[in-house]
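Visitor: So that you have it, the file is structure_9.cif, and it contains mmCIF, C-alpha atoms:
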data_start
loop_
_atom_site.group_PDB
_atom_site.id
_atom_site.type_symbol
_atom_site.label_atom_id
_atom_site.label_comp_id
_atom_site.auth_asym_id
_atom_site.auth_seq_id
_atom_site.Cartn_x
_atom_site.Cartn_y
_atom_site.Cartn_z
ATOM 1 C CA MET R 83 27.004 12.741 11.013
ATOM 2 C CA THR R 84 26.201 12.838 14.703
ATOM 3 C CA ASP R 85 28.323 12.587 17.791
ATOM 4 C CA THR R 86 26.181 10.248 19.823
ATOM 5 C CA LYS R 87 27.971 6.950 19.118
ATOM 6 C CA PRO R 88 29.338 5.710 22.453
ATOM 7 C CA SER R 89 32.503 4.308 20.920
ATOM 8 C CA MET R 90 34.102 3.615 17.599
ATOM 9 C CA SER R 91 36.294 0.772 16.507
ATOM 10 C CA ALA R 92 39.770 1.510 15.146
ATOM 11 C CA ASP R 93 38.546 0.542 11.686
ATOM 12 C CA GLN R 94 35.637 2.970 11.913
ATOM 13 C CA SER R 95 38.004 5.749 12.971
ATOM 14 C CA MET R 96 40.305 5.030 10.058
ATOM 15 C CA GLN R 97 37.336 4.949 7.701
ATOM 16 C CA ILE R 98 36.215 8.419 8.866
ATOM 17 C CA ILE R 99 39.742 9.802 8.465
ATOM 18 C CA LYS R 100 40.083 8.417 4.927
ATOM 19 C CA GLU R 101 36.616 9.554 3.888
ATOM 20 C CA MET R 102 37.141 13.119 5.123
ATOM 21 C CA ILE R 103 40.623 13.457 3.643
ATOM 22 C CA ASN R 104 39.142 12.336 0.302
ATOM 23 C CA LYS R 105 36.441 14.987 0.558
ATOM 24 C CA ALA R 106 39.003 17.741 1.116
ATOM 25 C CA ARG R 107 41.074 17.083 -2.007
ATOM 26 C CA PHE R 108 41.875 19.656 -4.668
ATOM 27 C CA ASN R 109 38.735 20.527 -6.634
ATOM 28 C CA PHE R 110 39.536 19.840 -10.298
ATOM 29 C CA SER R 111 36.061 20.777 -11.387
ATOM 30 C CA ARG R 112 36.424 24.271 -9.889
ATOM 31 C CA ALA R 113 39.861 24.761 -11.457
ATOM 32 C CA SER R 114 38.527 23.731 -14.865
ATOM 33 C CA PHE R 115 36.152 26.706 -14.849
ATOM 34 C CA TYR R 116 39.049 29.154 -15.248
ATOM 35 C CA PHE R 117 40.667 27.228 -18.109
ATOM 36 C CA ILE R 118 37.377 26.921 -19.997
ATOM 37 C CA LEU R 119 36.410 30.562 -19.338
ATOM 38 C CA TRP R 120 39.759 32.065 -20.366
ATOM 39 C CA GLY R 121 40.167 29.557 -23.187
ATOM 40 C CA THR R 122 36.846 30.526 -24.747
ATOM 41 C CA LEU R 123 37.401 34.270 -24.303
ATOM 42 C CA LEU R 124 40.957 34.263 -25.652
ATOM 43 C CA ILE R 125 40.085 32.103 -28.658
ATOM 44 C CA GLY R 126 37.235 34.520 -29.447
ATOM 45 C CA ALA R 127 39.552 37.518 -29.147
ATOM 46 C CA ALA R 128 42.239 35.915 -31.337
ATOM 47 C CA LEU R 129 39.738 35.009 -34.069
ATOM 48 C CA PHE R 130 38.208 38.491 -33.879
ATOM 49 C CA GLU R 131 41.661 40.036 -34.246
ATOM 50 C CA PHE R 132 42.452 37.852 -37.239
ATOM 51 C CA TYR R 133 39.117 38.629 -38.923
ATOM 52 C CA MET R 134 39.318 42.369 -38.306
ATOM 53 C CA GLY R 135 43.019 42.629 -39.118
ATOM 54 C CA HIS R 136 43.275 40.405 -42.195
ATOM 55 C CA ILE R 137 39.822 40.292 -43.732
ATOM 56 C CA VAL R 138 38.169 43.598 -42.785
ATOM 57 C CA GLU R 139 41.601 45.266 -42.466
ATOM 58 C CA SER R 140 40.378 47.428 -39.622
ATOM 59 C CA GLN R 141 42.742 49.334 -37.354
ATOM 60 C CA TRP R 142 40.538 48.297 -34.400
ATOM 61 C CA ALA R 143 41.543 44.636 -34.589
ATOM 62 C CA TYR R 144 43.178 44.737 -31.149
ATOM 63 C CA VAL R 145 40.084 46.024 -29.339
ATOM 64 C CA ALA R 146 38.847 42.546 -28.327
ATOM 65 C CA TRP R 147 41.857 41.976 -26.026
ATOM 66 C CA PRO R 148 41.094 44.581 -23.354
ATOM 67 C CA VAL R 149 37.390 43.700 -23.581
ATOM 68 C CA VAL R 150 37.923 39.956 -22.940
ATOM 69 C CA GLY R 151 40.538 40.817 -20.314
ATOM 70 C CA MET R 152 37.939 42.764 -18.339
ATOM 71 C CA MET R 153 35.194 40.183 -18.909
ATOM 72 C CA GLY R 154 37.452 37.324 -17.806
ATOM 73 C CA GLY R 155 38.732 39.267 -14.806
ATOM 74 C CA ILE R 156 35.219 40.086 -13.557
ATOM 75 C CA ALA R 157 33.888 36.552 -14.162
ATOM 76 C CA SER R 158 36.920 34.998 -12.427
ATOM 77 C CA PHE R 159 36.536 37.329 -9.440
ATOM 78 C CA VAL R 160 32.819 36.604 -9.031
ATOM 79 C CA PHE R 161 33.283 32.838 -9.408
ATOM 80 C CA GLY R 162 36.247 32.848 -7.025
ATOM 81 C CA ALA R 163 34.334 34.813 -4.374
ATOM 82 C CA ARG R 164 31.317 32.474 -4.620
ATOM 83 C CA SER R 165 33.451 29.314 -4.440
ATOM 84 C CA GLU R 166 35.370 30.633 -1.460
ATOM 85 C CA ARG R 167 32.146 30.826 0.553
ATOM 86 C CA LYS R 168 31.499 27.099 0.292
ATOM 87 C CA GLU R 169 34.944 25.606 -0.131
ATOM 88 C CA ALA R 170 38.102 25.263 1.894
ATOM 89 C CA LEU R 171 41.572 26.429 0.992
ATOM 90 C CA THR R 172 43.662 23.330 0.400
ATOM 91 C CA HIS R 173 47.459 23.362 0.398
ATOM 92 C CA LEU R 174 47.383 22.785 -3.361
ATOM 93 C CA ASP R 175 44.989 25.721 -3.819
ATOM 94 C CA ARG R 176 47.656 27.999 -2.370
ATOM 95 C CA VAL R 177 50.341 26.659 -4.724
ATOM 96 C CA TYR R 178 47.925 26.902 -7.667
ATOM 97 C CA ALA R 179 47.018 30.511 -6.756
ATOM 98 C CA GLY R 180 50.691 31.447 -6.325
ATOM 99 C CA ILE R 181 51.601 30.145 -9.774
ATOM 100 C CA TRP R 182 48.851 32.084 -11.530
ATOM 101 C CA ILE R 183 49.243 35.313 -9.529
ATOM 102 C CA THR R 184 52.934 35.293 -10.475
ATOM 103 C CA TYR R 185 51.997 34.745 -14.109
ATOM 104 C CA PHE R 186 49.351 37.481 -14.250
ATOM 105 C CA ALA R 187 51.628 40.022 -12.555
ATOM 106 C CA THR R 188 54.434 39.243 -15.023
ATOM 107 C CA LEU R 189 52.014 39.256 -17.964
ATOM 108 C CA ALA R 190 50.508 42.616 -16.976
ATOM 109 C CA LEU R 191 53.937 44.282 -16.774
ATOM 110 C CA PHE R 192 55.004 42.645 -20.019
ATOM 111 C CA LEU R 193 51.858 43.703 -21.892
ATOM 112 C CA ILE R 194 52.080 47.299 -20.658
ATOM 113 C CA GLY R 195 55.719 47.414 -21.791
ATOM 114 C CA SER R 196 55.020 45.823 -25.187
ATOM 115 C CA VAL R 197 52.019 47.984 -26.007
ATOM 116 C CA SER R 198 53.833 51.172 -24.989
ATOM 117 C CA GLN R 199 56.734 50.167 -27.270
ATOM 118 C CA HIS R 200 54.330 49.218 -30.125
ATOM 119 C CA ILE R 201 55.554 45.609 -30.124
ATOM 120 C CA ASN R 202 53.147 42.758 -30.896
ATOM 121 C CA PRO R 203 53.531 40.521 -27.805
ATOM 122 C CA GLY R 204 51.708 37.437 -29.192
ATOM 123 C CA SER R 205 54.695 35.067 -29.521
ATOM 124 C CA GLN R 206 56.220 36.062 -26.207
ATOM 125 C CA VAL R 207 52.860 35.742 -24.422
ATOM 126 C CA MET R 208 52.555 32.167 -25.703
ATOM 127 C CA VAL R 209 56.043 31.305 -24.461
ATOM 128 C CA LEU R 210 55.325 32.968 -21.103
ATOM 129 C CA THR R 211 51.972 31.138 -20.774
ATOM 130 C CA GLY R 212 53.779 27.824 -21.138
ATOM 131 C CA PHE R 213 55.317 28.371 -17.698
ATOM 132 C CA PRO R 214 52.186 28.409 -15.455
ATOM 133 C CA THR R 215 50.386 25.864 -17.637
ATOM 134 C CA PHE R 216 53.241 23.353 -17.468
ATOM 135 C CA LEU R 217 53.826 23.997 -13.767
ATOM 136 C CA THR R 218 50.132 23.574 -12.902
ATOM 137 C CA GLY R 219 50.060 20.289 -14.807
ATOM 138 C CA PHE R 220 53.235 19.178 -13.044
ATOM 139 C CA VAL R 221 51.947 20.032 -9.553
ATOM 140 C CA LEU R 222 48.524 18.475 -10.172
ATOM 141 C CA ARG R 223 50.034 15.521 -12.052
ATOM 142 C CA PHE R 224 47.670 16.264 -14.914
ATOM 143 C CA ARG R 225 49.271 15.350 -18.241
ATOM 144 C CA PRO R 226 47.035 17.387 -20.619
ATOM 145 C CA LEU R 227 48.259 20.594 -18.937
ATOM 146 C CA ILE R 228 51.896 19.460 -19.117
ATOM 147 C CA ILE R 229 51.462 18.801 -22.845
ATOM 148 C CA GLY R 230 49.576 22.110 -23.186
ATOM 149 C CA GLY R 231 52.445 23.983 -21.528
ATOM 150 C CA CYS R 232 54.954 22.409 -23.931
ATOM 151 C CA GLY R 233 52.595 23.250 -26.797
ATOM 152 C CA PHE R 234 52.632 26.929 -25.766
ATOM 153 C CA TRP R 235 56.440 26.931 -25.839
ATOM 154 C CA VAL R 236 56.651 25.237 -29.239
ATOM 155 C CA LEU R 237 53.942 27.337 -30.897
ATOM 156 C CA GLY R 238 55.182 30.581 -29.331
ATOM 157 C CA PHE R 239 58.739 29.949 -30.419
ATOM 158 C CA ALA R 240 57.707 28.795 -33.903
ATOM 159 C CA SER R 241 55.461 31.810 -34.427
ATOM 160 C CA LEU R 242 58.497 34.094 -34.055
ATOM 161 C CA PHE R 243 59.954 32.662 -37.252
ATOM 162 C CA ILE R 244 57.148 31.254 -39.378
ATOM 163 C CA LEU R 245 53.669 32.353 -40.403
ATOM 164 C CA LYS R 246 54.054 35.771 -38.812
ATOM 165 C CA ASP R 247 50.889 36.980 -40.551
ATOM 166 C CA TYR R 248 48.927 34.218 -38.897
ATOM 167 C CA GLY R 249 50.015 35.000 -35.344
ATOM 168 C CA SER R 250 46.417 35.381 -34.124
ATOM 169 C CA LEU R 251 45.420 31.998 -35.531
ATOM 170 C CA ILE R 252 48.476 30.301 -34.010
ATOM 171 C CA PHE R 253 47.579 31.962 -30.703
ATOM 172 C CA ALA R 254 44.030 30.572 -30.979
ATOM 173 C CA VAL R 255 45.410 27.069 -31.649
ATOM 174 C CA SER R 256 47.760 27.361 -28.673
ATOM 175 C CA ILE R 257 44.839 28.277 -26.406
ATOM 176 C CA VAL R 258 42.726 25.376 -27.701
ATOM 177 C CA GLN R 259 45.463 22.850 -26.872
ATOM 178 C CA GLY R 260 46.745 24.577 -23.713
ATOM 179 C CA TYR R 261 43.568 25.801 -21.973
ATOM 180 C CA LEU R 262 40.376 24.587 -23.602
ATOM 181 C CA ILE R 263 41.095 20.878 -24.107
ATOM 182 C CA PRO R 264 42.774 20.422 -20.672
ATOM 183 C CA GLY R 265 39.940 22.441 -19.076
ATOM 184 C CA LEU R 266 37.272 20.230 -20.612
ATOM 185 C CA LEU R 267 39.162 17.055 -19.646
ATOM 186 C CA MET R 268 39.597 18.402 -16.114
ATOM 187 C CA ARG R 269 35.921 19.243 -15.605
ATOM 188 C CA ASN R 270 34.643 15.831 -14.563
ATOM 189 C CA ILE R 271 37.829 14.438 -13.147
ATOM 190 C CA LYS R 272 37.845 12.645 -9.806
ATOM 191 C CA ARG R 273 41.318 11.831 -8.651
ATOM 192 C CA ASP R 274 42.565 10.024 -5.577
ATOM 193 C CA HIS R 275 46.204 11.003 -5.517
ATOM 194 C CA VAL R 276 46.159 14.815 -5.401
ATOM 195 C CA MET C 94 51.150 -2.111 24.381
ATOM 196 C CA PHE C 95 48.171 -0.055 23.248
ATOM 197 C CA SER C 96 48.263 3.630 24.040
ATOM 198 C CA ARG C 97 45.107 5.332 25.257
ATOM 199 C CA LEU C 98 43.157 7.046 22.511
ATOM 200 C CA ASP C 99 42.633 10.801 22.853
ATOM 201 C CA PRO C 100 38.969 10.979 23.997
ATOM 202 C CA LEU C 101 38.564 14.359 22.357
ATOM 203 C CA LEU C 102 39.381 12.921 18.946
ATOM 204 C CA HIS C 103 37.756 9.542 19.469
ATOM 205 C CA SER C 104 34.299 10.732 18.512
ATOM 206 C CA PRO C 105 32.931 10.595 14.952
ATOM 207 C CA LEU C 106 32.157 14.256 14.315
ATOM 208 C CA ARG C 107 35.217 15.733 16.026
ATOM 209 C CA LEU C 108 37.436 13.216 14.244
ATOM 210 C CA ALA C 109 35.787 14.093 10.926
ATOM 211 C CA VAL C 110 36.372 17.818 11.533
ATOM 212 C CA MET C 111 40.010 17.249 12.423
ATOM 213 C CA SER C 112 40.524 14.989 9.375
ATOM 214 C CA LEU C 113 39.137 17.712 7.119
ATOM 215 C CA LEU C 114 41.199 20.443 8.775
ATOM 216 C CA ILE C 115 44.437 18.451 8.578
ATOM 217 C CA SER C 116 43.965 18.364 4.782
ATOM 218 C CA VAL C 117 43.366 22.071 4.221
ATOM 219 C CA GLU C 118 44.894 25.384 5.266
ATOM 220 C CA LYS C 119 41.592 26.673 6.568
ATOM 221 C CA ALA C 120 37.950 25.840 6.111
ATOM 222 C CA ASP C 121 34.699 27.689 6.229
ATOM 223 C CA PHE C 122 32.072 26.555 8.793
ATOM 224 C CA ASN C 123 29.650 25.767 5.935
ATOM 225 C CA PHE C 124 32.286 23.623 4.222
ATOM 226 C CA LEU C 125 32.706 21.568 7.400
ATOM 227 C CA LYS C 126 28.943 21.305 7.835
ATOM 228 C CA GLU C 127 28.448 20.105 4.273
ATOM 229 C CA LYS C 128 31.290 17.589 4.257
ATOM 230 C CA THR C 129 30.492 16.105 7.665
ATOM 231 C CA GLU C 130 26.744 16.126 6.945
ATOM 232 C CA SER C 131 26.099 17.430 10.442
ATOM 233 C CA THR C 132 23.725 20.014 11.856
ATOM 234 C CA ALA C 133 24.977 23.544 12.516
ATOM 235 C CA GLY C 134 24.223 23.265 16.244
ATOM 236 C CA ASN C 135 26.024 19.968 16.779
ATOM 237 C CA LEU C 136 28.977 21.042 14.659
ATOM 238 C CA SER C 137 29.254 24.303 16.533
ATOM 239 C CA VAL C 138 29.345 22.487 19.902
ATOM 240 C CA GLN C 139 32.032 20.057 18.737
ATOM 241 C CA ILE C 140 34.186 22.818 17.212
ATOM 242 C CA THR C 141 33.969 24.733 20.473
ATOM 243 C CA LYS C 142 35.275 21.655 22.332
ATOM 244 C CA LEU C 143 38.175 21.360 19.889
ATOM 245 C CA GLU C 144 38.853 25.078 20.206
ATOM 246 C CA GLN C 145 38.861 24.909 24.018
ATOM 247 C CA ALA C 146 41.395 22.065 23.829
ATOM 248 C CA GLY C 147 43.607 24.241 21.612
ATOM 249 C CA TYR C 148 43.307 21.845 18.658
ATOM 250 C CA VAL C 149 41.498 24.296 16.412
ATOM 251 C CA ALA C 150 41.663 28.071 15.946
ATOM 252 C CA VAL C 151 38.356 29.692 15.086
ATOM 253 C CA THR C 152 38.140 33.089 13.388
ATOM 254 C CA LYS C 153 34.812 34.876 13.366
ATOM 255 C CA GLY C 154 34.129 37.868 11.187
ATOM 256 C CA TYR C 155 32.079 39.132 8.284
ATOM 257 C CA LYS C 156 32.328 38.664 4.542
ATOM 258 C CA GLY C 157 30.355 41.544 3.182
ATOM 259 C CA LYS C 158 27.268 41.623 5.387
ATOM 260 C CA ARG C 159 27.266 37.891 6.122
ATOM 261 C CA PRO C 160 28.791 36.457 9.279
ATOM 262 C CA HIS C 161 31.685 34.181 8.464
ATOM 263 C CA THR C 162 33.453 31.585 10.599
ATOM 264 C CA SER C 163 36.606 29.862 9.505
ATOM 265 C CA CYS C 164 38.542 27.120 11.274
ATOM 266 C CA GLN C 165 42.172 26.112 11.138
ATOM 267 C CA ILE C 166 44.036 23.282 12.825
ATOM 268 C CA THR C 167 46.697 24.417 15.304
ATOM 269 C CA PRO C 168 50.176 22.883 15.744
ATOM 270 C CA LYS C 169 48.877 21.284 18.964
ATOM 271 C CA GLY C 170 45.950 19.851 16.999
ATOM 272 C CA GLU C 171 48.295 18.493 14.326
ATOM 273 C CA LYS C 172 50.373 16.706 16.965
ATOM 274 C CA ALA C 173 47.277 15.282 18.651
ATOM 275 C CA PHE C 174 45.887 14.093 15.322
ATOM 276 C CA GLU C 175 49.187 12.469 14.380
ATOM 277 C CA ALA C 176 49.376 10.701 17.762
ATOM 278 C CA TYR C 177 45.760 9.542 17.363
ATOM 279 C CA VAL C 178 46.427 8.128 13.869
ATOM 280 C CA ASN C 179 49.528 6.315 15.164
ATOM 281 C CA SER C 180 47.511 4.806 18.019
ATOM 282 C CA ILE C 181 44.754 3.715 15.632
ATOM 283 C CA ASN C 182 47.362 2.122 13.375
ATOM 284 C CA ASN C 183 48.708 0.215 16.375
ATOM 285 C CA TYR C 184 45.229 -1.119 17.104
ATOM 286 C CA ILE C 185 44.702 -2.154 13.482
ATOM 287 C CA ASN C 186 48.192 -3.586 12.946
ATOM 288 C CA PRO C 187 49.469 -4.520 16.413
ATOM 289 C CA SER C 188 52.428 -6.482 14.980
ATOM 290 C CA LYS C 189 53.978 -3.417 13.294
#
For this file, write the structure as structure tokens.

Guide:
Amino acid sequence: MTDTKPSMSADQSMQIIKEMINKARFNFSRASFYFILWGTLLIGAALFEFYMGHIVESQWAYVAWPVVGMMGGIASFVFGARSERKEALTHLDRVYAGIWITYFATLALFLIGSVSQHINPGSQVMVLTGFPTFLTGFVLRFRPLIIGGCGFWVLGFASLFILKDYGSLIFAVSIVQGYLIPGLLMRNIKRDHV
Amino acid sequence: MFSRLDPLLHSPLRLAVMSLLISVEKADFNFLKEKTESTAGNLSVQITKLEQAGYVAVTKGYKGKRPHTSCQITPKGEKAFEAYVNSINNYINPSK
């Protein structure tokens, strides 16, 4: 685009405004990276825990959680820093960031408390994860995340009462429906109303 | 009665920059360059004009070792943009 045109018509001005506002919309493709990354890592950790805990019967079944936590944290930080260099901060980006920062801060405190009290936090983590997932779907008007958030609540609540021995597998299923499937659906989305 | 269009905004690149900035909280210089498909030199000149008019606030600094420039629309810029859009709407739909 140059600035040498002597004059523009009102229609041309409106066209530029619409085109630029469209270009500055929330980047679904970028947001999908986090859901796919964390979805894959958490499913891997849950399956590892189930295999080590129920089949190998190892006492080290939990070890995958801090490992994937660190891997996901580093990958998210690097990706976020790279995206920031070539993107703009939209108003929705700020809301989106606020929701997930609140969640991670709450989750960190909750996990530290649970582990120090020797309580398995799986069910409660699922219920807690329903909150940011549902809210993100609601704000972005993206139904798969709304359904995923509800799925976290249902599966988390159900896992408190049934199939306690299969908590890791239920957790993996909750992540598939709440993170991985919405993330994959979100990847190529182009929306005109957010 | 048609109101006079703000000459500062009635130019393709400056209008494009303002339209992008009205949609975001702040934007990197490279983001604006990419989205407006302009050259760095031309974009820089136009942003300076918008900054001098008080429509845009420019922050220059470093991210790591790389120089970094970010731009943000000011309240004065928001008002000017809104007035410009209203005027354009009057031209397009004079009966309204």

Visitor: So the first atom is CA of Ile181 in chain C and the second is CA of Leu136 in chain C; what is the distance between them in Å, to one decimal place?

Guide: 23.5 Å

Visitor: Could the residues of chain C that have an atom at most 6 Å from chain R be listed as a Markdown table, each with its closest atom pair and the distance in Å to one decimal, counting all atoms listed in the file and ordered by chain and ascending residue number?

Guide:
| residue | atom | partner | partner_atom | distance |
| --- | --- | --- | --- | --- |
| C:Pro105 | CA | R:Asp85 | CA | 5.8 |
| C:Leu106 | CA | R:Asp85 | CA | 5.4 |
| C:Ser112 | CA | R:Ile99 | CA | 5.3 |
| C:Leu113 | CA | R:Met102 | CA | 5.4 |
| C:Val117 | CA | R:Thr172 | CA | 4.0 |
| C:Glu118 | CA | R:Thr172 | CA | 5.4 |
| C:Lys119 | CA | R:Leu171 | CA | 5.6 |
| C:Ala120 | CA | R:Ala170 | CA | 4.3 |
| C:Phe124 | CA | R:Lys168 | CA | 5.3 |
| C:Thr129 | CA | R:Met83 | CA | 5.9 |
| C:Glu130 | CA | R:Met83 | CA | 5.3 |
| C:Ser131 | CA | R:Met83 | CA | 4.8 |
| C:Ile181 | CA | R:Ala92 | CA | 5.5 |

Visitor: As a check of understanding, name the residues that the PyMOL selection byres ((chain C and resi 173-176) around 12) selects in the supplied structure, as JSON, numbers by chain.

Guide: {"R": [95, 96, 99], "C": [96, 97, 98, 99, 100, 101, 102, 103, 107, 108, 109, 110, 111, 112, 113, 114, 115, 116, 143, 146, 147, 148, 149, 166, 167, 168, 169, 170, 171, 172, 177, 178, 179, 180, 181, 182, 183]}

Visitor: Please report the interatomic distance between CA of Asp121 in chain C and CA of Pro214 in chain R in Å with one decimal.

Guide: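 Going from CA of Asp121 in chain C over to CA of Pro214 in chain R covers 27.9 Å.
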
Visitor: Quick one: everything within 9 Å of Ser137 in chain C, counting only C-alpha atoms, minus sequence neighbours fewer than 5 positions away in the same chain. Send it as a ChimeraX atom specification.

Guide: /C:122,132,142

Visitor: Kindly give the distance, in Å, that separates CA of Ala240 in chain R and CA of Met134 in chain R, rounded to a single decimal.

Guide: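 Between CA of Ala240 in chain R and CA of Met134 in chain R the gap works out to 23.3 Å.
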
Visitor: I'd like the contact shell of Ile252 in chain R - 8 Å cut-off, only C-alpha atoms, skipping same-chain residues fewer than 4 positions apart - returned as JSON, numbers by chain.

Guide: {"R": [237, 241, 248, 256]}

Visitor: Expanded to explicit residues, what is the PyMOL selection byres ((chain C and resi 153) around 7) for this file, as number ranges by chain?

Guide: C: 151-152, 154, 161-163

Visitor: Translate the PyMOL selection byres ((chain R and resi 178-184) around 9), as applied to the file shown, into an explicit residue set as a PyMOL selection string.

Guide: chain R and resi 173-177+185-189+213-215+217-218+221-222

Visitor: Give me the residues within 12 Å of Ser158 in chain R as a list in words, counting only C-alpha atoms and dropping any in the same chain fewer than 2 places off.

Guide: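 Near Ser158 in chain R, the qualifying residues are Arg112, Ala113, Ser114, Phe115, Tyr116, Phe117, Ile118, Leu119, Trp120, Leu123, Val150, Gly151, Met152, Met153, Gly154, Gly155, Ile156, Val160, Phe161, Gly162, Ala163, Arg164, Ser165 and Glu166 of chain R.
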
Visitor: Given the block above, output range 196-224 of chain R with C-alpha atoms as an mmCIF file, in the first residue's frame.

Guide:
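The result, written out as part_18.cif:
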data_model
loop_
_atom_site.group_PDB
_atom_site.id
_atom_site.type_symbol
_atom_site.label_atom_id
_atom_site.label_comp_id
_atom_site.auth_asym_id
_atom_site.auth_seq_id
_atom_site.Cartn_x
_atom_site.Cartn_y
_atom_site.Cartn_z
ATOM 1 C CA SER R 196 -2.748 -31.492 46.802
ATOM 2 C CA VAL R 197 0.686 -33.023 46.340
ATOM 3 C CA SER R 198 1.856 -31.833 49.761
ATOM 4 C CA GLN R 199 -1.266 -33.416 51.302
ATOM 5 C CA HIS R 200 -0.795 -36.645 49.255
ATOM 6 C CA ILE R 201 -4.168 -36.198 47.539
ATOM 7 C CA ASN R 202 -4.647 -37.287 43.920
ATOM 8 C CA PRO R 203 -5.915 -34.065 42.271
ATOM 9 C CA GLY R 204 -7.073 -35.624 38.956
ATOM 10 C CA SER R 205 -10.853 -35.207 39.381
ATOM 11 C CA GLN R 206 -10.602 -31.712 40.801
ATOM 12 C CA VAL R 207 -8.184 -30.633 38.050
ATOM 13 C CA MET R 208 -10.712 -31.753 35.430
ATOM 14 C CA VAL R 209 -13.495 -29.781 37.112
ATOM 15 C CA LEU R 210 -11.221 -26.736 37.442
ATOM 16 C CA THR R 211 -10.132 -26.997 33.776
ATOM 17 C CA GLY R 212 -13.766 -26.804 32.714
ATOM 18 C CA PHE R 213 -13.815 -23.158 33.810
ATOM 19 C CA PRO R 214 -11.220 -21.605 31.425
ATOM 20 C CA THR R 215 -12.161 -23.965 28.593
ATOM 21 C CA PHE R 216 -15.858 -23.082 28.774
ATOM 22 C CA LEU R 217 -15.135 -19.379 29.250
ATOM 23 C CA THR R 218 -12.726 -19.263 26.291
ATOM 24 C CA GLY R 219 -15.326 -20.961 24.105
ATOM 25 C CA PHE R 220 -17.972 -18.530 25.335
ATOM 26 C CA VAL R 221 -15.847 -15.426 24.682
ATOM 27 C CA LEU R 222 -14.691 -16.643 21.260
ATOM 28 C CA ARG R 223 -18.146 -18.012 20.406
ATOM 29 C CA PHE R 224 -16.518 -21.332 19.591
#
